[in-house]
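What follows is a set of notes on a single structure, which appears directly below.
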Amino acid sequence: MSKLLVKNGLVYDVVTREPKNVDVLAIDGKIARVEAGIEDAEAVVIDAQGKRVYPGFIDVHTHIGLDTSFAAYENDYNEMNGPVTPQIRAIDGYNPMDKSIELARKGGVTTICTGPGSANVLGGTFVAVKTYGKRVDDVVVKEEAAMKAAFGENPKRCYKDKAITSRMTTAAILRTNLCKAHEYQRKLDAAGEDGDKLPTYDPVMEALLPVIRGEMPIKAHAHRADDIFTAIRIAKEFGIKLTLEHVTDGALIAEDLAKEHFPCAVGPSLGHPSKLELANKGFETPGILSKAGCDVSIITDAGVIPQEYLSLCAGLAVKAGMDPFEALKAITINPAKHIGIADRVGSIEVGKDADIVIADGDPMLSDTRILHVIIDGEER
């Protein structure tokens, strides 16, 4: 049995708005007690006197572990052999020993959801992992967290000479493959236990079955307002789950998005617009969406923004008008809900994974130092 006790810190548990002077006891990687005055002679003790204690930060949309800065041929986040590749899985390309993972962890990011880029209409599945370890199988939180789909400029740009020249074609390709998946499912159901009647195995259709069954959301890369609405329209047509990624034009349609109730992952908001659909890029968007009633996560899209600066992106959203508590939720519990892993991470509560960050100040400020990063009850 392993025990770790964080004592005397000011705990921002993300359950309540105001922090509390309480201790946190972890046993075998799980939070066992959160209360004042805990004593345990068997526990390794971290004295957090005068420090702030947070749940580990979570980024719901990154590409680290697949996207490397060393050489383009080493990148594994876009499969470019065609615009429909739902059968590829991030877990098969993720490198937990990439330097970017270590940097993320040192920045207090303890869980990431990483996966394919936005070259393809259907790009494959994202994986949720903890930011430590040498073997991906040992750090997986959710093996197939979402199916990547892309709208807007990227599929058009990547396949302009082959298959896609308009947004209409992107939507048509997605609809066509969802329809084919439904037909594939119908044939599976009709065959029942009769192996001779089973349809010919199709890895593309097999990969889409969890989507049409409502077991896995489409993770929709959409910047421009019309692309966001196209993603919503198709999700409603097929009765599938959906999360909205980037949401650059979100401030223009905040009331509409609040009524739709789809999770919104906003970013990367740092830097100049690099293409037309990013014209309304800015740190005001997370706060505007949050005030409208949307469930907002803040993302880095790392390596667009280095993963370790996730908390600073939340700070820039606060500077642009976002409520500080909502900004903290946007890098902790909201992304946990977005991914579907809030039963394990995202807040400091009994029964959850002991993923804890201890800082000497507000981690949304640039001069704050991350002093301790605890993942699964151990300092990493």
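By order in the structure tokens, chains are A, B, ...; within a chain, residues start at 1; ligands start at 1, following the order shown.
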For stretch 38-53 of chain A: contacts at 8 Å, only C-alpha atoms, fewer than 3 positions along chain excluded, given as a PDB file with N, CA, C and O atoms, in the first residue's frame:
```
ATOM      1  N   SER A   2       0.601   2.162  -0.943  1.00  0.00           N
ATOM      2  CA  SER A   2       1.335   3.425  -0.993  1.00  0.00           C
ATOM      3  C   SER A   2       0.439   4.557  -0.514  1.00  0.00           C
ATOM      4  O   SER A   2      -0.752   4.593  -0.824  1.00  0.00           O
ATOM      5  N   LYS A   3       1.035   5.475   0.236  1.00  0.00           N
ATOM      6  CA  LYS A   3       0.282   6.615   0.763  1.00  0.00           C
ATOM      7  C   LYS A   3       1.061   7.900   0.531  1.00  0.00           C
ATOM      8  O   LYS A   3       2.291   7.922   0.691  1.00  0.00           O
ATOM      9  N   LEU A   4       0.342   8.943   0.180  1.00  0.00           N
ATOM     10  CA  LEU A   4       0.941  10.262   0.038  1.00  0.00           C
ATOM     11  C   LEU A   4      -0.007  11.284   0.650  1.00  0.00           C
ATOM     12  O   LEU A   4      -1.213  11.253   0.395  1.00  0.00           O
ATOM     13  N   LEU A   5       0.553  12.165   1.472  1.00  0.00           N
ATOM     14  CA  LEU A   5      -0.252  13.152   2.191  1.00  0.00           C
ATOM     15  C   LEU A   5       0.233  14.557   1.871  1.00  0.00           C
ATOM     16  O   LEU A   5       1.398  14.893   2.084  1.00  0.00           O
ATOM     17  N   VAL A   6      -0.655  15.356   1.319  1.00  0.00           N
ATOM     18  CA  VAL A   6      -0.366  16.767   1.058  1.00  0.00           C
ATOM     19  C   VAL A   6      -0.992  17.581   2.182  1.00  0.00           C
ATOM     20  O   VAL A   6      -2.216  17.595   2.340  1.00  0.00           O
ATOM     21  N   LYS A   7      -0.153  18.233   2.975  1.00  0.00           N
ATOM     22  CA  LYS A   7      -0.633  18.921   4.168  1.00  0.00           C
ATOM     23  C   LYS A   7      -0.467  20.433   4.056  1.00  0.00           C
ATOM     24  O   LYS A   7       0.446  20.930   3.398  1.00  0.00           O
ATOM     25  N   ASN A   8      -1.394  21.116   4.708  1.00  0.00           N
ATOM     26  CA  ASN A   8      -1.290  22.557   4.986  1.00  0.00           C
ATOM     27  C   ASN A   8      -1.444  23.457   3.768  1.00  0.00           C
ATOM     28  O   ASN A   8      -1.157  24.655   3.845  1.00  0.00           O
ATOM     29  N   GLY A   9      -1.878  22.924   2.648  1.00  0.00           N
ATOM     30  CA  GLY A   9      -2.010  23.744   1.456  1.00  0.00           C
ATOM     31  C   GLY A   9      -3.385  24.387   1.337  1.00  0.00           C
ATOM     32  O   GLY A   9      -4.345  24.013   2.022  1.00  0.00           O
ATOM     33  N   LEU A  10      -3.487  25.372   0.464  1.00  0.00           N
ATOM     34  CA  LEU A  10      -4.756  25.994   0.129  1.00  0.00           C
ATOM     35  C   LEU A  10      -5.289  25.246  -1.090  1.00  0.00           C
ATOM     36  O   LEU A  10      -4.737  25.367  -2.193  1.00  0.00           O
ATOM     37  N   VAL A  11      -6.341  24.455  -0.892  1.00  0.00           N
ATOM     38  CA  VAL A  11      -6.791  23.504  -1.904  1.00  0.00           C
ATOM     39  C   VAL A  11      -7.905  24.105  -2.762  1.00  0.00           C
ATOM     40  O   VAL A  11      -8.971  24.474  -2.243  1.00  0.00           O
ATOM     41  N   TYR A  12      -7.651  24.164  -4.057  1.00  0.00           N
ATOM     42  CA  TYR A  12      -8.651  24.560  -5.047  1.00  0.00           C
ATOM     43  C   TYR A  12      -9.198  23.265  -5.655  1.00  0.00           C
ATOM     44  O   TYR A  12      -8.657  22.751  -6.635  1.00  0.00           O
ATOM     45  N   ASP A  13     -10.272  22.752  -5.037  1.00  0.00           N
ATOM     46  CA  ASP A  13     -10.726  21.419  -5.437  1.00  0.00           C
ATOM     47  C   ASP A  13     -11.574  21.423  -6.705  1.00  0.00           C
ATOM     48  O   ASP A  13     -11.872  20.379  -7.274  1.00  0.00           O
ATOM     49  N   ASP A  23      -6.172  19.097   4.048  1.00  0.00           N
ATOM     50  CA  ASP A  23      -5.141  18.164   3.631  1.00  0.00           C
ATOM     51  C   ASP A  23      -5.740  17.168   2.642  1.00  0.00           C
ATOM     52  O   ASP A  23      -6.964  16.956   2.618  1.00  0.00           O
ATOM     53  N   VAL A  24      -4.869  16.540   1.857  1.00  0.00           N
ATOM     54  CA  VAL A  24      -5.316  15.553   0.879  1.00  0.00           C
ATOM     55  C   VAL A  24      -4.485  14.288   1.056  1.00  0.00           C
ATOM     56  O   VAL A  24      -3.254  14.317   0.950  1.00  0.00           O
ATOM     57  N   LEU A  25      -5.163  13.175   1.333  1.00  0.00           N
ATOM     58  CA  LEU A  25      -4.494  11.883   1.504  1.00  0.00           C
ATOM     59  C   LEU A  25      -4.810  10.981   0.315  1.00  0.00           C
ATOM     60  O   LEU A  25      -5.981  10.767  -0.016  1.00  0.00           O
ATOM     61  N   GLU A  35      -9.685  16.656   3.971  1.00  0.00           N
ATOM     62  CA  GLU A  35     -10.196  17.279   5.192  1.00  0.00           C
ATOM     63  C   GLU A  35      -9.029  17.876   5.971  1.00  0.00           C
ATOM     64  O   GLU A  35      -7.855  17.603   5.667  1.00  0.00           O
ATOM     65  N   ILE A 356      -2.483  15.718  -8.754  1.00  0.00           N
ATOM     66  CA  ILE A 356      -2.446  16.950  -7.961  1.00  0.00           C
ATOM     67  C   ILE A 356      -1.269  17.808  -8.389  1.00  0.00           C
ATOM     68  O   ILE A 356      -0.166  17.309  -8.626  1.00  0.00           O
ATOM     69  N   VAL A 357      -1.505  19.113  -8.462  1.00  0.00           N
ATOM     70  CA  VAL A 357      -0.460  20.084  -8.788  1.00  0.00           C
ATOM     71  C   VAL A 357      -0.316  21.054  -7.623  1.00  0.00           C
ATOM     72  O   VAL A 357      -1.313  21.586  -7.122  1.00  0.00           O
ATOM     73  N   ILE A 358       0.913  21.277  -7.198  1.00  0.00           N
ATOM     74  CA  ILE A 358       1.196  22.215  -6.113  1.00  0.00           C
ATOM     75  C   ILE A 358       2.050  23.340  -6.679  1.00  0.00           C
ATOM     76  O   ILE A 358       3.103  23.097  -7.290  1.00  0.00           O
ATOM     77  N   ALA A 359       1.584  24.575  -6.503  1.00  0.00           N
ATOM     78  CA  ALA A 359       2.261  25.744  -7.072  1.00  0.00           C
ATOM     79  C   ALA A 359       2.498  26.790  -5.988  1.00  0.00           C
ATOM     80  O   ALA A 359       1.826  26.806  -4.946  1.00  0.00           O
ATOM     81  N   ASP A 360       3.449  27.694  -6.278  1.00  0.00           N
ATOM     82  CA  ASP A 360       3.743  28.745  -5.293  1.00  0.00           C
ATOM     83  C   ASP A 360       2.894  29.991  -5.514  1.00  0.00           C
ATOM     84  O   ASP A 360       3.129  31.021  -4.884  1.00  0.00           O
ATOM     85  N   GLY A 361       1.913  29.908  -6.365  1.00  0.00           N
ATOM     86  CA  GLY A 361       1.004  31.018  -6.630  1.00  0.00           C
ATOM     87  C   GLY A 361      -0.074  30.582  -7.605  1.00  0.00           C
ATOM     88  O   GLY A 361      -0.354  29.383  -7.749  1.00  0.00           O
ATOM     89  N   ASP A 362      -0.667  31.547  -8.268  1.00  0.00           N
ATOM     90  CA  ASP A 362      -1.704  31.263  -9.253  1.00  0.00           C
ATOM     91  C   ASP A 362      -1.051  30.746 -10.536  1.00  0.00           C
ATOM     92  O   ASP A 362      -0.289  31.471 -11.185  1.00  0.00           O
TER      93      ASP A 362
END
```
At most 10 Å is the cut-off: for each residue in stretch 232-350 of chain A with any atom that close to an atom of stretch 30-33 of chain A, write down the nearest atom pair and the distance in Å rounded to one decimal, counting only C-alpha atoms, chain first then increasing number, as JSON lines.
```
{"residue": "A:Arg344", "atom": "CA", "partner": "A:Lys30", "partner_atom": "CA", "distance": 9.0}
{"residue": "A:Ile348", "atom": "CA", "partner": "A:Ile31", "partner_atom": "CA", "distance": 7.5}
{"residue": "A:Glu349", "atom": "CA", "partner": "A:Ile31", "partner_atom": "CA", "distance": 6.5}
{"residue": "A:Val350", "atom": "CA", "partner": "A:Ile31", "partner_atom": "CA", "distance": 4.9}
```
- prompt: Hey, what's within 8 Å of A:Ile58 if we count only C-alpha atoms and toss same-chain stuff fewer than 4 positions away? As a list of chain:residue names, please?
  reply: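 Those residues are A:Val109, A:Thr110, A:Thr111, A:Ile112, A:Ile331, A:Thr332, A:Pro335, A:Ala336, A:Gly346.
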Keeping only N, CA and C atoms, take the residues you just selected and write them out as a CSV table (one decimal), in the first residue's frame.
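Okay, selection.csv is ready:
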```csv
chain,number,residue,atom,x,y,z
A,109,VAL,N,0.3,19.7,-16.4
A,109,VAL,CA,-0.7,19.0,-17.3
A,109,VAL,C,-0.5,17.5,-17.0
A,110,THR,N,-1.5,16.9,-16.4
A,110,THR,CA,-1.4,15.5,-16.0
A,110,THR,C,-2.2,14.6,-16.9
A,111,THR,N,-3.1,15.1,-17.6
A,111,THR,CA,-3.9,14.3,-18.6
A,111,THR,C,-4.1,15.0,-19.9
A,112,ILE,N,-3.9,14.3,-21.0
A,112,ILE,CA,-4.1,14.9,-22.3
A,112,ILE,C,-5.0,14.0,-23.1
A,331,ILE,N,-9.7,24.1,-17.6
A,331,ILE,CA,-8.5,23.3,-17.7
A,331,ILE,C,-8.5,22.1,-16.7
A,332,THR,N,-9.6,21.9,-16.1
A,332,THR,CA,-9.7,20.7,-15.1
A,332,THR,C,-11.0,19.9,-15.3
A,335,PRO,N,-12.8,19.8,-19.2
A,335,PRO,CA,-12.2,18.9,-20.2
A,335,PRO,C,-12.4,17.4,-19.8
A,336,ALA,N,-12.4,17.2,-18.5
A,336,ALA,CA,-12.6,15.8,-18.0
A,336,ALA,C,-14.0,15.3,-18.4
A,346,GLY,N,-10.0,15.6,-12.9
A,346,GLY,CA,-10.6,16.9,-13.1
A,346,GLY,C,-11.0,17.7,-11.8
```
I want to know what sits within 9 Å of stretch 246-252 of chain A, based on only C-alpha atoms, with residues of the same chain fewer than 2 positions away left out; could you give that as an mmCIF file with N, CA, C and O atoms, in the first residue's frame?
```
data_model
loop_
_atom_site.group_PDB
_atom_site.id
_atom_site.type_symbol
_atom_site.label_atom_id
_atom_site.label_comp_id
_atom_site.auth_asym_id
_atom_site.auth_seq_id
_atom_site.Cartn_x
_atom_site.Cartn_y
_atom_site.Cartn_z
ATOM 1 N N HIS A 61 -7.580 18.650 -26.223
ATOM 2 C CA HIS A 61 -7.298 18.609 -27.659
ATOM 3 C C HIS A 61 -5.846 18.976 -27.920
ATOM 4 O O HIS A 61 -5.471 20.154 -27.944
ATOM 5 N N ALA A 220 -15.299 17.314 -33.646
ATOM 6 C CA ALA A 220 -15.426 18.093 -34.873
ATOM 7 C C ALA A 220 -14.538 19.324 -34.874
ATOM 8 O O ALA A 220 -14.805 20.312 -34.173
ATOM 9 N N HIS A 221 -13.477 19.268 -35.672
ATOM 10 C CA HIS A 221 -12.625 20.425 -35.931
ATOM 11 C C HIS A 221 -13.439 21.421 -36.758
ATOM 12 O O HIS A 221 -13.777 21.154 -37.909
ATOM 13 N N ALA A 222 -13.769 22.560 -36.134
ATOM 14 C CA ALA A 222 -14.592 23.566 -36.828
ATOM 15 C C ALA A 222 -14.277 24.941 -36.262
ATOM 16 O O ALA A 222 -14.494 25.190 -35.071
ATOM 17 N N HIS A 223 -13.776 25.830 -37.109
ATOM 18 C CA HIS A 223 -13.441 27.190 -36.688
ATOM 19 C C HIS A 223 -14.571 28.172 -37.022
ATOM 20 O O HIS A 223 -15.033 28.906 -36.155
ATOM 21 N N ARG A 224 -14.993 28.178 -38.273
ATOM 22 C CA ARG A 224 -15.946 29.158 -38.749
ATOM 23 C C ARG A 224 -17.360 28.797 -38.315
ATOM 24 O O ARG A 224 -17.702 27.624 -38.172
ATOM 25 N N ALA A 225 -18.194 29.801 -38.127
ATOM 26 C CA ALA A 225 -19.545 29.583 -37.610
ATOM 27 C C ALA A 225 -20.333 28.608 -38.480
ATOM 28 O O ALA A 225 -21.025 27.715 -37.962
ATOM 29 N N ILE A 228 -19.258 25.095 -37.850
ATOM 30 C CA ILE A 228 -19.772 24.625 -36.554
ATOM 31 C C ILE A 228 -21.216 24.163 -36.707
ATOM 32 O O ILE A 228 -21.601 23.077 -36.220
ATOM 33 N N LEU A 244 -17.390 19.976 -29.993
ATOM 34 C CA LEU A 244 -16.944 21.025 -30.914
ATOM 35 C C LEU A 244 -15.541 21.462 -30.528
ATOM 36 O O LEU A 244 -15.287 21.822 -29.370
ATOM 37 N N ALA A 254 -22.664 32.611 -29.637
ATOM 38 C CA ALA A 254 -22.651 32.064 -28.278
ATOM 39 C C ALA A 254 -24.035 31.617 -27.816
ATOM 40 O O ALA A 254 -24.182 30.548 -27.207
ATOM 41 N N GLU A 255 -25.055 32.410 -28.075
ATOM 42 C CA GLU A 255 -26.399 32.040 -27.622
ATOM 43 C C GLU A 255 -26.891 30.773 -28.311
ATOM 44 O O GLU A 255 -27.523 29.915 -27.689
ATOM 45 N N LEU A 257 -24.997 28.341 -29.462
ATOM 46 C CA LEU A 257 -24.245 27.201 -28.944
ATOM 47 C C LEU A 257 -24.697 26.823 -27.539
ATOM 48 O O LEU A 257 -24.734 25.641 -27.187
ATOM 49 N N CYS A 264 -17.689 22.640 -25.812
ATOM 50 C CA CYS A 264 -16.876 23.490 -26.689
ATOM 51 C C CYS A 264 -15.438 23.542 -26.179
ATOM 52 O O CYS A 264 -15.195 23.959 -25.043
ATOM 53 N N ALA A 265 -14.503 23.107 -27.007
ATOM 54 C CA ALA A 265 -13.077 23.215 -26.697
ATOM 55 C C ALA A 265 -12.517 24.372 -27.515
ATOM 56 O O ALA A 265 -12.494 24.308 -28.743
ATOM 57 N N VAL A 266 -12.069 25.425 -26.837
ATOM 58 C CA VAL A 266 -11.729 26.672 -27.517
ATOM 59 C C VAL A 266 -10.214 26.875 -27.564
ATOM 60 O O VAL A 266 -9.537 26.810 -26.556
ATOM 61 N N GLY A 267 -9.716 27.149 -28.757
ATOM 62 C CA GLY A 267 -8.302 27.422 -28.939
ATOM 63 C C GLY A 267 -7.790 26.740 -30.199
ATOM 64 O O GLY A 267 -8.546 26.092 -30.906
ATOM 65 N N PRO A 268 -6.512 26.889 -30.511
ATOM 66 C CA PRO A 268 -5.499 27.653 -29.784
ATOM 67 C C PRO A 268 -5.642 29.147 -30.067
ATOM 68 O O PRO A 268 -5.757 29.546 -31.223
ATOM 69 N N SER A 269 -5.658 29.941 -29.026
ATOM 70 C CA SER A 269 -5.979 31.358 -29.160
ATOM 71 C C SER A 269 -4.757 32.265 -29.179
ATOM 72 O O SER A 269 -4.894 33.467 -29.377
ATOM 73 N N GLU A 277 -10.134 31.338 -41.909
ATOM 74 C CA GLU A 277 -11.166 30.940 -40.954
ATOM 75 C C GLU A 277 -10.793 31.249 -39.502
ATOM 76 O O GLU A 277 -11.602 31.042 -38.602
ATOM 77 N N LEU A 278 -9.595 31.770 -39.277
ATOM 78 C CA LEU A 278 -9.172 32.169 -37.929
ATOM 79 C C LEU A 278 -9.278 33.672 -37.704
ATOM 80 O O LEU A 278 -8.728 34.192 -36.736
ATOM 81 N N ALA A 279 -10.003 34.363 -38.555
ATOM 82 C CA ALA A 279 -10.074 35.825 -38.484
ATOM 83 C C ALA A 279 -10.551 36.328 -37.126
ATOM 84 O O ALA A 279 -10.130 37.388 -36.659
ATOM 85 N N ASN A 280 -11.413 35.581 -36.456
ATOM 86 C CA ASN A 280 -11.977 36.023 -35.170
ATOM 87 C C ASN A 280 -11.309 35.355 -33.969
ATOM 88 O O ASN A 280 -11.875 35.323 -32.872
ATOM 89 N N LYS A 281 -10.113 34.882 -34.170
ATOM 90 C CA LYS A 281 -9.342 34.239 -33.113
ATOM 91 C C LYS A 281 -9.044 35.213 -31.977
ATOM 92 O O LYS A 281 -8.650 36.356 -32.219
ATOM 93 N N GLY A 282 -9.237 34.783 -30.724
ATOM 94 C CA GLY A 282 -8.951 35.661 -29.597
ATOM 95 C C GLY A 282 -9.305 35.016 -28.271
ATOM 96 O O GLY A 282 -10.106 34.078 -28.207
ATOM 97 N N GLU A 284 -10.964 36.285 -25.906
ATOM 98 C CA GLU A 284 -12.275 36.678 -25.378
ATOM 99 C C GLU A 284 -13.299 35.556 -25.505
ATOM 100 O O GLU A 284 -14.247 35.469 -24.720
ATOM 101 N N THR A 285 -13.112 34.684 -26.488
ATOM 102 C CA THR A 285 -14.124 33.679 -26.817
ATOM 103 C C THR A 285 -14.459 32.732 -25.668
ATOM 104 O O THR A 285 -15.651 32.487 -25.411
ATOM 105 N N PRO A 286 -13.485 32.156 -24.937
ATOM 106 C CA PRO A 286 -13.866 31.251 -23.839
ATOM 107 C C PRO A 286 -14.782 31.902 -22.813
ATOM 108 O O PRO A 286 -15.761 31.290 -22.359
ATOM 109 N N GLY A 287 -14.493 33.162 -22.452
ATOM 110 C CA GLY A 287 -15.317 33.849 -21.458
ATOM 111 C C GLY A 287 -16.710 34.156 -21.963
ATOM 112 O O GLY A 287 -17.697 34.023 -21.235
ATOM 113 N N ILE A 288 -16.807 34.568 -23.221
ATOM 114 C CA ILE A 288 -18.125 34.870 -23.803
ATOM 115 C C ILE A 288 -18.982 33.618 -23.854
ATOM 116 O O ILE A 288 -20.175 33.636 -23.490
ATOM 117 N N LEU A 289 -18.399 32.499 -24.261
ATOM 118 C CA LEU A 289 -19.149 31.241 -24.313
ATOM 119 C C LEU A 289 -19.537 30.767 -22.921
ATOM 120 O O LEU A 289 -20.653 30.287 -22.702
ATOM 121 N N ILE A 298 -10.500 25.024 -22.392
ATOM 122 C CA ILE A 298 -9.461 25.785 -23.074
ATOM 123 C C ILE A 298 -8.393 24.809 -23.536
ATOM 124 O O ILE A 298 -7.966 23.932 -22.770
ATOM 125 N N ILE A 299 -7.955 24.941 -24.794
ATOM 126 C CA ILE A 299 -6.999 23.995 -25.356
ATOM 127 C C ILE A 299 -5.785 24.720 -25.935
ATOM 128 O O ILE A 299 -5.848 25.900 -26.280
ATOM 129 N N ASP A 301 -3.983 22.917 -28.463
ATOM 130 C CA ASP A 301 -3.775 22.282 -29.765
ATOM 131 C C ASP A 301 -2.292 21.967 -29.944
ATOM 132 O O ASP A 301 -1.765 21.978 -31.057
#
```
- request: Give the answer as one residue: which of A:Leu310, A:Leu198, A:Ile218, A:Leu122 has the shortest atom-to-atom distance to A:Asn154, using only C-alpha atoms?
  value: A:Leu122
message: Using DSSP assignments from the backbone, pull out every residue in stretch 52-270 of chain A that falls under strand (DSSP E or B) and give it to me as a ChimeraX atom specification.
response: /A:52-55,57-62,64,67,84,89,109-114,122-130,140-150,218-222,242-246,264-266
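Rounded to one decimal, atom CA of A:Lys20 and atom CA of A:Asp323 lie 19.0 Å from each other.
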- request: Rank nothing, just name the residue among A:Leu188, A:Leu316, A:Ala231, A:Met322 nearest to A:Arg167, using only C-alpha atoms.
  value: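 Smallest separation from A:Arg167 among the options: A:Ala231.
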- request: Check the DSSP output for the backbone and give back, as a ChimeraX atom specification, the residues of stretch 218-339 of chain A in helix (DSSP H, G or I).
  value: /A:225-238,250-260,276-278,284-292,307-319,324-329,333-339
